[in-house]
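Structure data follow from input_19.tsv (TSV, C-alpha atoms and all ligand atoms):
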chain	number	residue	atom	x	y	z
A	281	MET	CA	0.00	0.00	0.00
A	282	THR	CA	1.22	3.51	-0.75
A	283	ASP	CA	0.74	6.70	1.18
A	284	SER	CA	-1.12	8.71	-1.38
A	285	PRO	CA	-4.38	10.19	-0.08
A	286	ALA	CA	-6.26	7.92	-2.45
A	287	SER	CA	-4.53	4.78	-1.22
A	288	ASN	CA	-7.62	3.26	0.35
A	289	SER	CA	-10.19	4.71	-2.02
A	290	THR	CA	-10.36	1.54	-4.06
A	291	THR	CA	-13.40	0.25	-2.16
A	292	PRO	CA	-16.01	-0.56	-4.81
A	293	VAL	CA	-19.05	1.71	-4.53
A	294	SER	CA	-21.24	-1.36	-4.32
A	295	ALA	CA	-19.50	-2.75	-1.21
A	296	ILE	CA	-20.82	-1.77	2.21
A	297	ARG	CA	-18.70	1.10	3.43
A	298	LYS	CA	-17.83	2.06	7.01
A	299	ILE	CA	-18.16	5.78	7.48
A	300	ILE	CA	-17.63	7.73	10.71
A	301	HIS	CA	-18.66	11.34	11.25
A	302	LEU	CA	-17.00	13.09	14.17
A	303	ASP	CA	-18.05	16.44	15.55
A	304	MET	CA	-16.65	18.24	18.60
A	305	ASP	CA	-19.13	19.13	21.34
A	306	ALA	CA	-19.91	22.85	21.81
A	307	PHE	CA	-16.54	23.39	20.19
A	308	PHE	CA	-15.45	27.02	20.84
A	309	ALA	CA	-17.29	27.09	24.19
A	310	SER	CA	-15.70	23.84	25.39
A	311	VAL	CA	-12.21	25.11	24.50
A	312	GLU	CA	-12.81	28.25	26.59
A	313	GLN	CA	-14.11	26.17	29.51
A	314	ARG	CA	-11.10	23.88	29.26
A	315	ASP	CA	-8.62	26.75	29.35
A	316	ASN	CA	-10.35	28.77	32.06
A	317	PRO	CA	-11.43	26.75	35.11
A	318	ALA	CA	-13.67	29.62	36.28
A	319	TYR	CA	-15.87	29.03	33.20
A	320	ARG	CA	-16.47	25.34	33.84
A	321	GLY	CA	-20.01	24.23	34.61
A	322	LYS	CA	-21.28	27.72	33.81
A	323	PRO	CA	-23.50	29.11	31.05
A	324	LEU	CA	-21.02	30.63	28.61
A	325	VAL	CA	-20.99	31.83	25.03
A	326	VAL	CA	-18.20	32.68	22.63
A	327	GLY	CA	-18.79	35.72	20.46
A	328	GLY	CA	-20.98	38.75	21.06
A	329	THR	CA	-20.55	41.09	24.02
A	330	PRO	CA	-22.62	41.51	27.19
A	331	ASP	CA	-23.46	45.08	26.16
A	332	ASN	CA	-25.79	43.56	23.59
A	333	ARG	CA	-23.63	43.52	20.51
A	334	GLY	CA	-22.97	40.82	17.95
A	335	VAL	CA	-24.18	37.26	17.75
A	336	VAL	CA	-23.39	34.09	19.64
A	337	ALA	CA	-20.92	31.80	17.82
A	338	ALA	CA	-21.02	28.94	20.31
A	339	ALA	CA	-22.96	28.20	23.50
A	340	SER	CA	-21.92	25.85	26.32
A	341	TYR	CA	-24.37	23.09	27.16
A	342	GLU	CA	-25.11	24.94	30.43
A	343	ALA	CA	-26.11	28.01	28.38
A	344	ARG	CA	-28.31	25.91	26.07
A	345	LYS	CA	-30.49	25.00	29.06
A	346	PHE	CA	-31.55	28.65	29.04
A	347	GLY	CA	-32.44	28.49	25.35
A	348	VAL	CA	-29.21	30.19	24.25
A	349	HIS	CA	-27.75	28.88	20.97
A	350	SER	CA	-25.39	29.86	18.16
A	351	ALA	CA	-26.42	32.54	15.67
A	352	MET	CA	-28.60	34.16	18.37
A	353	PRO	CA	-28.15	37.92	18.93
A	354	ALA	CA	-26.19	38.58	22.15
A	355	ARG	CA	-29.09	40.80	23.27
A	356	THR	CA	-31.54	37.89	23.22
A	357	ALA	CA	-29.00	35.58	24.87
A	358	ILE	CA	-28.49	37.84	27.88
A	359	GLN	CA	-32.23	38.28	28.26
A	360	ARG	CA	-32.65	34.52	28.43
A	361	CYS	CA	-29.71	34.07	30.79
A	362	PRO	CA	-28.68	37.20	32.77
A	363	GLN	CA	-25.63	35.49	34.35
A	364	LEU	CA	-24.28	34.46	30.94
A	365	ILE	CA	-20.49	34.68	30.54
A	366	PHE	CA	-19.15	36.10	27.26
A	367	ALA	CA	-15.75	34.83	26.11
A	368	ARG	CA	-13.73	36.29	23.29
A	369	PRO	CA	-13.02	33.88	20.43
A	370	ARG	CA	-9.43	32.62	20.10
A	371	PHE	CA	-9.27	31.23	16.60
A	372	ASP	CA	-5.60	30.29	16.80
A	373	VAL	CA	-6.40	27.88	19.64
A	374	TYR	CA	-9.40	26.41	17.75
A	375	ARG	CA	-7.16	25.88	14.72
A	376	GLN	CA	-4.58	24.08	16.87
A	377	VAL	CA	-7.22	21.75	18.28
A	378	SER	CA	-8.50	21.18	14.77
A	379	GLU	CA	-4.99	20.16	13.63
A	380	THR	CA	-4.66	17.82	16.59
A	381	ILE	CA	-7.92	15.98	15.93
A	382	ARG	CA	-7.05	15.64	12.23
A	383	GLU	CA	-3.73	14.09	13.19
A	384	ILE	CA	-5.69	11.55	15.21
A	385	PHE	CA	-8.00	10.81	12.27
A	386	PHE	CA	-5.01	10.28	9.97
A	387	GLN	CA	-3.78	7.52	12.26
A	388	TYR	CA	-6.71	5.46	11.04
A	389	THR	CA	-7.26	6.52	7.44
A	390	ASP	CA	-6.14	8.99	4.80
A	391	LEU	CA	-9.75	9.29	3.65
A	392	VAL	CA	-10.55	12.21	5.95
A	393	GLU	CA	-12.87	14.94	4.70
A	394	PRO	CA	-13.09	17.91	7.08
A	395	LEU	CA	-16.35	19.86	6.87
A	396	SER	CA	-15.21	22.59	9.24
A	397	LEU	CA	-12.67	23.06	12.03
A	398	ASP	CA	-14.56	20.74	14.35
A	399	GLU	CA	-15.91	17.93	12.21
A	400	ALA	CA	-14.96	15.44	9.53
A	401	TYR	CA	-16.05	12.35	7.68
A	402	LEU	CA	-13.75	9.33	7.80
A	403	ASP	CA	-13.96	6.31	5.52
A	404	VAL	CA	-12.55	3.45	7.59
A	405	THR	CA	-13.72	0.59	5.34
A	406	SER	CA	-10.07	-0.28	4.99
A	407	ASN	CA	-8.05	1.37	7.72
A	408	LYS	CA	-4.40	1.62	8.65
A	409	LYS	CA	-4.82	-0.50	11.79
A	410	GLY	CA	-6.74	-3.28	10.06
A	411	LEU	CA	-9.55	-2.98	12.60
A	412	PRO	CA	-12.77	-4.70	11.53
A	413	SER	CA	-15.10	-2.63	13.73
A	414	ALA	CA	-15.88	0.99	12.87
A	415	THR	CA	-17.51	1.38	16.28
A	416	LEU	CA	-14.28	0.35	17.96
A	417	ILE	CA	-12.36	2.85	15.81
A	418	ALA	CA	-14.82	5.61	16.75
A	419	LYS	CA	-14.37	4.73	20.44
A	420	GLU	CA	-10.59	4.82	20.11
A	421	ILE	CA	-10.69	8.16	18.30
A	422	LYS	CA	-12.98	9.67	20.92
A	423	ALA	CA	-10.62	8.49	23.67
A	424	LEU	CA	-7.56	9.89	21.86
A	425	ILE	CA	-9.33	13.22	21.40
A	426	VAL	CA	-9.99	13.41	25.14
A	427	GLN	CA	-6.42	12.37	25.90
A	428	GLU	CA	-4.80	14.86	23.55
A	429	THR	CA	-7.19	17.83	23.82
A	430	GLN	CA	-9.20	17.26	27.02
A	431	LEU	CA	-12.31	17.85	24.91
A	432	THR	CA	-15.15	15.53	23.91
A	433	ALA	CA	-16.54	14.70	20.48
A	434	SER	CA	-19.62	12.88	19.27
A	435	ALA	CA	-19.43	10.14	16.67
A	436	GLY	CA	-21.89	8.73	14.19
A	437	ILE	CA	-21.16	5.43	12.47
A	438	SER	CA	-22.97	4.05	9.47
A	439	ILE	CA	-22.71	3.02	5.83
A	440	ASN	CA	-22.71	6.46	4.23
A	441	LYS	CA	-22.09	10.15	4.91
A	442	PHE	CA	-25.73	11.12	5.34
A	443	LEU	CA	-26.46	8.46	7.95
A	444	ALA	CA	-23.15	8.96	9.79
A	445	LYS	CA	-23.68	12.72	9.99
A	446	THR	CA	-27.24	12.30	11.20
A	447	ALA	CA	-26.13	9.69	13.75
A	448	SER	CA	-23.42	11.91	15.28
A	449	GLY	CA	-26.04	14.50	16.21
A	450	ILE	CA	-28.27	12.06	18.05
A	451	ASN	CA	-26.60	11.57	21.44
A	452	LYS	CA	-24.70	14.81	21.85
A	453	PRO	CA	-22.59	15.60	23.85
A	454	ASN	CA	-20.02	12.77	24.03
A	455	GLY	CA	-22.26	10.54	21.93
A	456	LEU	CA	-21.53	7.39	19.98
A	457	THR	CA	-24.35	6.27	17.69
A	458	LEU	CA	-24.34	3.39	15.26
A	459	ILE	CA	-26.90	2.99	12.51
A	460	PRO	CA	-26.33	-0.55	11.20
A	461	PRO	CA	-27.18	-1.31	7.54
A	462	ASP	CA	-30.36	-3.24	8.36
A	463	LYS	CA	-31.68	-0.39	10.54
A	464	ALA	CA	-31.03	2.39	8.02
A	465	GLU	CA	-34.44	2.42	6.33
A	466	SER	CA	-36.50	2.18	9.52
A	467	PHE	CA	-34.33	4.83	11.15
A	468	VAL	CA	-34.93	7.27	8.33
A	469	GLU	CA	-38.68	6.60	8.26
A	470	THR	CA	-39.18	7.97	11.77
A	471	LEU	CA	-36.69	10.84	11.41
A	472	PRO	CA	-38.33	14.29	11.71
A	473	ILE	CA	-37.89	16.20	8.46
A	474	GLU	CA	-35.77	19.00	9.98
A	475	ASP	CA	-33.27	16.43	11.30
A	476	PHE	CA	-32.30	15.38	7.76
A	477	TYR	CA	-28.83	16.70	7.01
A	478	GLY	CA	-29.08	18.67	3.79
A	479	ILE	CA	-32.67	19.77	4.35
A	480	GLY	CA	-32.45	23.33	5.66
A	481	LYS	CA	-34.96	25.18	7.82
A	482	VAL	CA	-36.76	26.84	4.90
A	483	THR	CA	-37.14	23.62	2.91
A	484	ALA	CA	-38.24	21.73	6.03
A	485	SER	CA	-41.08	24.14	6.69
A	486	LYS	CA	-42.09	24.01	3.04
A	487	MET	CA	-42.16	20.23	3.30
A	488	ARG	CA	-44.26	20.34	6.45
A	489	GLU	CA	-46.76	22.55	4.62
A	490	LEU	CA	-46.90	19.83	1.97
A	491	GLY	CA	-47.61	17.20	4.66
A	492	VAL	CA	-44.06	15.80	4.74
A	493	HIS	CA	-43.18	15.52	8.43
A	494	ASN	CA	-40.76	12.58	8.46
A	495	GLY	CA	-38.84	10.15	6.28
A	496	ALA	CA	-41.81	7.86	5.72
A	497	HIS	CA	-43.75	10.79	4.26
A	498	LEU	CA	-40.80	11.85	2.11
A	499	LYS	CA	-40.48	8.33	0.75
A	500	GLN	CA	-43.95	8.50	-0.74
A	501	TRP	CA	-42.80	11.12	-3.25
A	502	THR	CA	-41.45	10.11	-6.65
A	503	GLU	CA	-38.07	11.47	-7.71
A	504	ALA	CA	-39.74	13.38	-10.54
A	505	ASP	CA	-42.16	15.10	-8.16
A	506	LEU	CA	-39.36	15.97	-5.75
A	507	CYS	CA	-37.32	17.53	-8.57
A	508	ARG	CA	-40.32	19.42	-9.88
A	509	THR	CA	-40.99	20.90	-6.44
A	510	PHE	CA	-37.46	21.41	-5.08
A	511	GLY	CA	-35.21	21.45	-8.15
A	512	LYS	CA	-32.14	19.28	-8.78
A	513	VAL	CA	-31.62	18.61	-5.06
A	514	GLY	CA	-34.84	16.57	-5.27
A	515	SER	CA	-32.75	13.59	-6.41
A	516	TYR	CA	-30.70	13.83	-3.21
A	517	TYR	CA	-33.89	13.96	-1.12
A	518	PHE	CA	-35.16	10.88	-2.98
A	519	GLN	CA	-31.99	8.99	-2.05
A	520	ILE	CA	-31.73	10.05	1.60
A	521	ALA	CA	-35.42	9.22	2.18
A	522	ARG	CA	-34.24	5.63	1.55
A	523	GLY	CA	-31.10	6.00	3.70
A	524	ARG	CA	-28.94	5.97	0.56
A	525	ASP	CA	-26.01	8.24	-0.18
A	526	ASP	CA	-23.27	7.25	-2.61
A	527	ARG	CA	-21.10	10.34	-2.13
A	528	GLN	CA	-17.47	9.39	-1.49
A	529	VAL	CA	-15.39	10.73	1.37
A	530	THR	CA	-13.05	13.10	-0.47
A	531	PRO	CA	-9.90	14.24	1.30
A	532	ASN	CA	-9.30	17.88	0.47
A	533	ARG	CA	-5.75	18.42	1.49
A	534	ILE	CA	-2.39	16.82	1.33
A	535	ARG	CA	-1.03	15.76	4.63
A	536	LYS	CA	1.71	18.13	5.79
A	537	SER	CA	2.90	16.60	9.06
A	538	ILE	CA	2.87	13.58	11.32
A	539	GLY	CA	2.82	14.36	15.00
A	540	ALA	CA	2.11	13.26	18.53
A	541	GLU	CA	1.43	15.35	21.58
A	542	GLU	CA	0.26	15.00	25.14
A	543	SER	CA	-1.17	17.42	27.63
A	544	TYR	CA	-0.67	16.71	31.31
A	545	ALA	CA	-3.17	16.89	34.15
A	546	GLU	CA	-0.31	18.03	36.39
A	547	ASP	CA	2.28	20.40	34.98
A	548	LEU	CA	5.72	18.91	34.41
A	549	ASN	CA	8.13	20.75	36.69
A	550	SER	CA	11.49	19.06	36.25
A	551	ARG	CA	13.82	18.51	33.32
A	552	GLN	CA	13.86	14.80	34.14
A	553	SER	CA	10.07	14.45	33.97
A	554	ILE	CA	10.04	16.34	30.68
A	555	ILE	CA	12.72	14.11	29.20
A	556	GLU	CA	10.75	11.01	30.19
A	557	ALA	CA	7.58	12.45	28.74
A	558	LEU	CA	9.36	13.34	25.50
A	559	GLY	CA	10.61	9.77	25.25
A	560	GLU	CA	7.03	8.48	25.35
A	561	ILE	CA	5.90	11.00	22.74
A	562	ALA	CA	8.84	10.01	20.51
A	563	GLU	CA	7.71	6.37	20.77
A	564	THR	CA	4.20	7.30	19.64
A	565	LEU	CA	5.67	9.35	16.81
A	566	ILE	CA	7.81	6.43	15.61
A	567	GLU	CA	4.72	4.19	15.59
A	568	ARG	CA	2.86	6.75	13.51
A	569	ILE	CA	5.74	7.04	11.06
A	570	ALA	CA	5.66	3.26	10.70
A	571	SER	CA	1.92	3.08	10.15
A	572	ASN	CA	2.10	5.92	7.61
A	573	LYS	CA	5.12	4.39	5.89
A	574	SER	CA	6.40	7.93	5.57
A	575	SER	CA	8.74	10.17	7.50
A	576	GLY	CA	9.99	13.73	7.30
A	577	ARG	CA	13.16	15.79	7.54
A	578	THR	CA	11.92	18.58	9.85
A	579	LEU	CA	11.36	17.87	13.52
A	580	THR	CA	9.34	20.36	15.52
A	581	LEU	CA	9.12	20.44	19.29
A	582	LYS	CA	6.09	22.12	20.80
A	583	VAL	CA	5.97	23.26	24.42
A	584	LYS	CA	3.01	24.84	26.10
A	585	TYR	CA	3.94	26.42	29.42
A	586	ALA	CA	1.73	26.35	32.51
A	587	ASP	CA	0.39	29.80	31.60
A	588	TYR	CA	-0.73	28.46	28.18
A	589	GLN	CA	1.92	30.35	26.24
A	590	GLN	CA	3.14	28.09	23.49
A	591	VAL	CA	6.47	27.92	21.67
A	592	THR	CA	7.77	25.74	18.87
A	593	ARG	CA	11.35	24.93	17.88
A	594	SER	CA	12.33	23.20	14.63
A	595	ARG	CA	15.36	21.58	13.08
A	596	THR	CA	15.68	20.30	9.53
A	597	SER	CA	18.01	17.43	8.88
A	598	THR	CA	19.48	16.23	5.59
A	599	GLU	CA	17.90	12.80	6.02
A	600	SER	CA	14.39	11.83	7.11
A	601	PHE	CA	14.05	10.80	10.74
A	602	THR	CA	13.55	7.06	11.04
A	603	GLU	CA	15.08	6.16	14.40
A	604	ILE	CA	13.82	7.02	17.83
A	605	GLY	CA	17.37	7.79	19.06
A	606	ASN	CA	17.77	10.54	16.47
A	607	ILE	CA	14.41	12.01	17.25
A	608	ILE	CA	15.11	12.10	20.98
A	609	ASN	CA	18.58	13.60	20.52
A	610	VAL	CA	17.33	16.43	18.34
A	611	ALA	CA	14.27	16.92	20.56
A	612	LEU	CA	16.54	17.36	23.59
A	613	GLU	CA	18.69	19.89	21.76
A	614	LEU	CA	15.56	21.80	20.82
A	615	LEU	CA	14.35	21.52	24.42
A	616	ASP	CA	17.47	23.35	25.61
A	617	THR	CA	16.43	26.38	23.54
A	618	THR	CA	13.14	26.66	25.46
A	619	GLU	CA	12.50	27.89	28.99
A	620	VAL	CA	11.51	24.57	30.55
A	621	ALA	CA	14.32	24.91	33.08
A	622	SER	CA	12.53	27.83	34.73
A	623	ARG	CA	8.90	27.37	33.62
A	624	ASN	CA	6.56	24.38	34.06
A	625	ALA	CA	5.10	22.69	30.99
A	626	ARG	CA	1.52	21.51	30.52
A	627	LEU	CA	1.81	20.15	26.99
A	628	LEU	CA	4.59	18.63	24.91
A	629	GLY	CA	4.48	17.64	21.27
A	630	LEU	CA	6.75	16.39	18.50
A	631	ALA	CA	5.93	16.58	14.82
A	632	LEU	CA	7.66	15.73	11.57
A	633	SER	CA	7.04	17.79	8.47
A	634	ASN	CA	8.74	18.09	5.10
A	635	LEU	CA	7.36	14.61	4.56
A	636	ASP	CA	8.75	12.12	2.04
A	637	CYS	CA	5.34	11.62	0.43
A	638	GLU	CA	4.84	15.38	0.12
A	639	ARG	CA	8.23	15.78	-1.55
A	640	GLU	CA	7.41	12.93	-3.90
A	641	HIS	CA	4.19	14.68	-4.74
A	642	GLU	CA	6.01	17.95	-5.40
A	643	LYS	CA	8.65	16.18	-7.47
A	644	ALA	CA	5.94	14.53	-9.53
A	645	GLN	CA	4.32	17.93	-10.06
A	646	GLU	CA	7.63	19.51	-11.09
A	647	GLU	CA	8.26	16.69	-13.53
A	648	TYR	CA	4.80	17.14	-14.91
A	649	VAL	CA	5.38	20.88	-15.40
A	650	GLN	CA	8.75	20.20	-17.06
A	651	LEU	CA	7.16	17.62	-19.29
A	652	THR	CA	4.39	19.97	-20.40
A	653	LEU	CA	6.95	22.74	-20.94
A	654	SER	CA	9.13	20.47	-23.05
A	655	LEU	CA	6.11	19.45	-25.10
A	656	ALA	CA	5.03	23.05	-25.63
B	701	LIG	N1	-19.90	28.51	14.81
B	701	LIG	C1	-20.02	29.85	14.54
B	701	LIG	N2	-21.20	30.38	14.11
B	701	LIG	C2	-22.28	29.58	13.93
B	701	LIG	C3	-22.19	28.21	14.19
B	701	LIG	C4	-20.97	27.70	14.63
B	701	LIG	O1	-19.03	30.60	14.70
B	701	LIG	N3	-23.43	30.09	13.52
B	701	LIG	C5	-18.62	27.99	15.32
B	701	LIG	C6	-18.68	27.89	16.83
B	701	LIG	C7	-18.89	26.42	17.12
B	701	LIG	C8	-18.18	25.78	15.95
B	701	LIG	O2	-18.36	26.67	14.85
B	701	LIG	O3	-18.36	26.05	18.37
B	701	LIG	C9	-18.76	24.43	15.61
B	701	LIG	O4	-20.12	24.55	15.24
B	701	LIG	P1	-21.18	23.43	15.53
B	701	LIG	O5	-22.35	23.71	14.69
B	701	LIG	O6	-20.54	22.08	15.37
B	701	LIG	O7	-21.64	23.66	17.03
B	701	LIG	P2	-20.90	23.38	18.39
B	701	LIG	O8	-19.67	22.56	18.22
B	701	LIG	O9	-20.70	24.67	19.11
B	701	LIG	O10	-21.99	22.57	19.20
B	701	LIG	P3	-22.49	21.04	19.02
B	701	LIG	O11	-22.11	20.34	20.29
B	701	LIG	O12	-23.96	21.12	18.86
B	701	LIG	O13	-21.80	20.49	17.81
B	702	CA	CA	-19.67	20.67	16.97
B	703	CA	CA	-19.62	21.13	13.54
Mind converting the file's structure to structure tokens?
Ligand code: DCP
Ligand code: CA
Ligand code: CA
Amino acid sequence: MTDSPASNSTTPVSAIRKIIHLDMDAFFASVEQRDNPAYRGKPLVVGGTPDNRGVVAAASYEARKFGVHSAMPARTAIQRCPQLIFARPRFDVYRQVSETIREIFFQYTDLVEPLSLDEAYLDVTSNKKGLPSATLIAKEIKALIVQETQLTASAGISINKFLAKTASGINKPNGLTLIPPDKAESFVETLPIEDFYGIGKVTASKMRELGVHNGAHLKQWTEADLCRTFGKVGSYYFQIARGRDDRQVTPNRIRKSIGAEESYAEDLNSRQSIIEALGEIAETLIERIASNKSSGRTLTLKVKYADYQQVTRSRTSTESFTEIGNIINVALELLDTTEVASRNARLLGLALSNLDCEREHEKAQEEYVQLTLSLA
């Protein structure tokens, strides 16, 4: 098997696929609660200001009990919940978490299709660990997300994107919902029309006016009638009413790094404890290099200090890193350029970039350009 993003895309469309949809719970709000203990267990929103400006981007589950939700004007939110806490968004932190969860997904498959910072589809029909159970993979991924980010995600597992995405929304937060192939049709029949992914609010209310309140009702319509009433998307509605969705999981980026990181419940306060911790991270990194059959020439050490300030240090070598000894040696040299001697650390990470497969890809592109130029 090769490392190209399409390496496990050879599953025939007719075979039963194993698709997982993962979505972080109350994403921006949970990150703020994680990083500020005073926010935990409290109604909190990210975005908007208490003096009634802007809209809510994310609401903690505590805030949702008051009827506060995203896209709501801050004015309405504070009326519904006078003690509501407003946190400023920190996009750089959300992007970091997003990177971390994608790294976790890539441990299982290259067929990862992110929909936004906090969610993605994974096709694990054939996966890098050879695991037969998609539910087990979803459990492992959820556990790794907690371990590496201290945040929870919800997972939906089924045979296609539509069902997996619908499933992940069912037992939020921290949910894990499987829709097995033989339950797909009956599941869809009882699904309220606004819970269909891909049917927006406006269409849903139009459907309700037409007497379509759930999947069973939708199924009574012919494809032609659906297209006449709703346009081209009618064909999609026809398919999802039967729990069908042939869309492939399409990865939309080339992998740029392979990494491993760990955050610690208790800050690391000695050089010795940091060295030991780095050794463990290097072991995980070596395993990931092996399972990806690809390594890189640039090693980056990431250190987050107890006060959440984060620094990175990198070194590029002439050869790709393949041995744990080399990784540890360079990591320790990089460590000496940080302030861990005088400041405690709460997170350590190691990543390899400048990957072999990426360089091969670039080389192939260069050759292609040269070829076309020479033919011109
Ligand atoms: N977001 C936003 N504006 C919106 C909706 C969302 O800025 N109108 C941002 C904030 C969310 C993040 O995107 O935290 C993810 O959006 P989701 O729709 O997945 O919602 P949450 O993750 O907040 O909550 P849930 O647990 O329901 O997924
Ligand atoms: Ca989410
Ligand atoms: Ca989302």
Inset, instruction - Give as a ChimeraX atom specification every residue, naming chains and numbers as the document does, that has an atom within 12 Å of (-19.3, 16.0, 11.5), counting all atoms listed in the file. - result: /A:299-305,307,392-402,433-437,441-450,452,477
Inset, instruction - Anything within 12 Å of (-1.3, 20.9, 27.6): list those residues as a VMD selection string, counting all atoms listed in the file and sticking to the file's coordinates. - result: chain A and resid 314 to 315 373 376 to 377 380 426 to 431 541 to 548 582 to 590 624 to 629
Legend entry - Contacts of Thr617 of chain A at 12 Å (only C-alpha atoms; same-chain gap of 6+ positions) as an MDAnalysis selection string: chainID A and resid 581:583 591:595 610:611
Inset, instruction - Find the residue from A:Asn451, A:Gln313, A:Thr432, A:Thr356 that sits nearest to Arg333 of chain A; use all atoms listed in the file when measuring. - result: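 Smallest separation from Arg333 of chain A among the options: A:Thr356.
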Legend entry - Å distance separating atom CA of Ala343 of chain A from atom O3 of ligand LIG 701 (chain B), one decimal place: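 Atom-to-atom, atom CA of Ala343 of chain A and atom O3 of ligand LIG 701 (chain B) are spaced 12.8 Å apart.
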Inset, instruction - Quick one: pull the distance between atom CA of Gly539 of chain A and atom CA of Lys419 of chain A, Å, one decimal. - result: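 Answer for the atom CA of Gly539 of chain A to atom CA of Lys419 of chain A separation: 20.4 Å.
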Inset, instruction - Rank nothing, just name the residue among A:Gly514, A:Pro362, A:Gly495, A:Gly327 nearest to ligand LIG 701 (chain B), using all atoms listed in the file. - result: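 That would be A:Gly327, the residue with the smallest distance to ligand LIG 701 (chain B).
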Would you pick out the contacts of segment 406-415 of chain A at 8 Å or less, using only C-alpha atoms, so that residues sharing its chain but fewer than 6 positions from it are not included, and give the list as a PDB file with C-alpha atoms, in the frame of the given file?
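Printed below is result_29.pdb as written:
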ATOM      1  CA  ASN A 288      -7.620   3.260   0.350  1.00  0.00           C
ATOM      2  CA  THR A 291     -13.400   0.250  -2.160  1.00  0.00           C
ATOM      3  CA  LYS A 298     -17.830   2.060   7.010  1.00  0.00           C
ATOM      4  CA  ILE A 299     -18.160   5.780   7.480  1.00  0.00           C
ATOM      5  CA  ILE A 300     -17.630   7.730  10.710  1.00  0.00           C
ATOM      6  CA  GLN A 387      -3.780   7.520  12.260  1.00  0.00           C
ATOM      7  CA  TYR A 388      -6.710   5.460  11.040  1.00  0.00           C
ATOM      8  CA  THR A 389      -7.260   6.520   7.440  1.00  0.00           C
ATOM      9  CA  ILE A 437     -21.160   5.430  12.470  1.00  0.00           C
ATOM     10  CA  LEU A 458     -24.340   3.390  15.260  1.00  0.00           C
ATOM     11  CA  SER A 571       1.920   3.080  10.150  1.00  0.00           C
ATOM     12  CA  ASN A 572       2.100   5.920   7.610  1.00  0.00           C
TER      13      ASN A 572
END
Legend entry - Gap from atom CA of Leu506 of chain A to atom CA of Ser466 of chain A - Å, one decimal: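 A separation of 20.8 Å between them.
Around Ala309 of chain A, within 9 Å and counting only C-alpha atoms, the residues found are Asp305, Ala306, Glu312, Gln313, Arg314, Leu324, Val325, Val326, Ala337, Ala338, Ala339, Ser340, Tyr341, Ala367 and Pro369 of chain A, once anything fewer than 3 positions away on its own chain is removed.
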Legend entry - All residues 8 Å or closer to segment 599-603 of chain A, only C-alpha atoms, same chain fewer than 6 positions away omitted, as a ChimeraX atom specification: /A:566,569,575-578,635-636
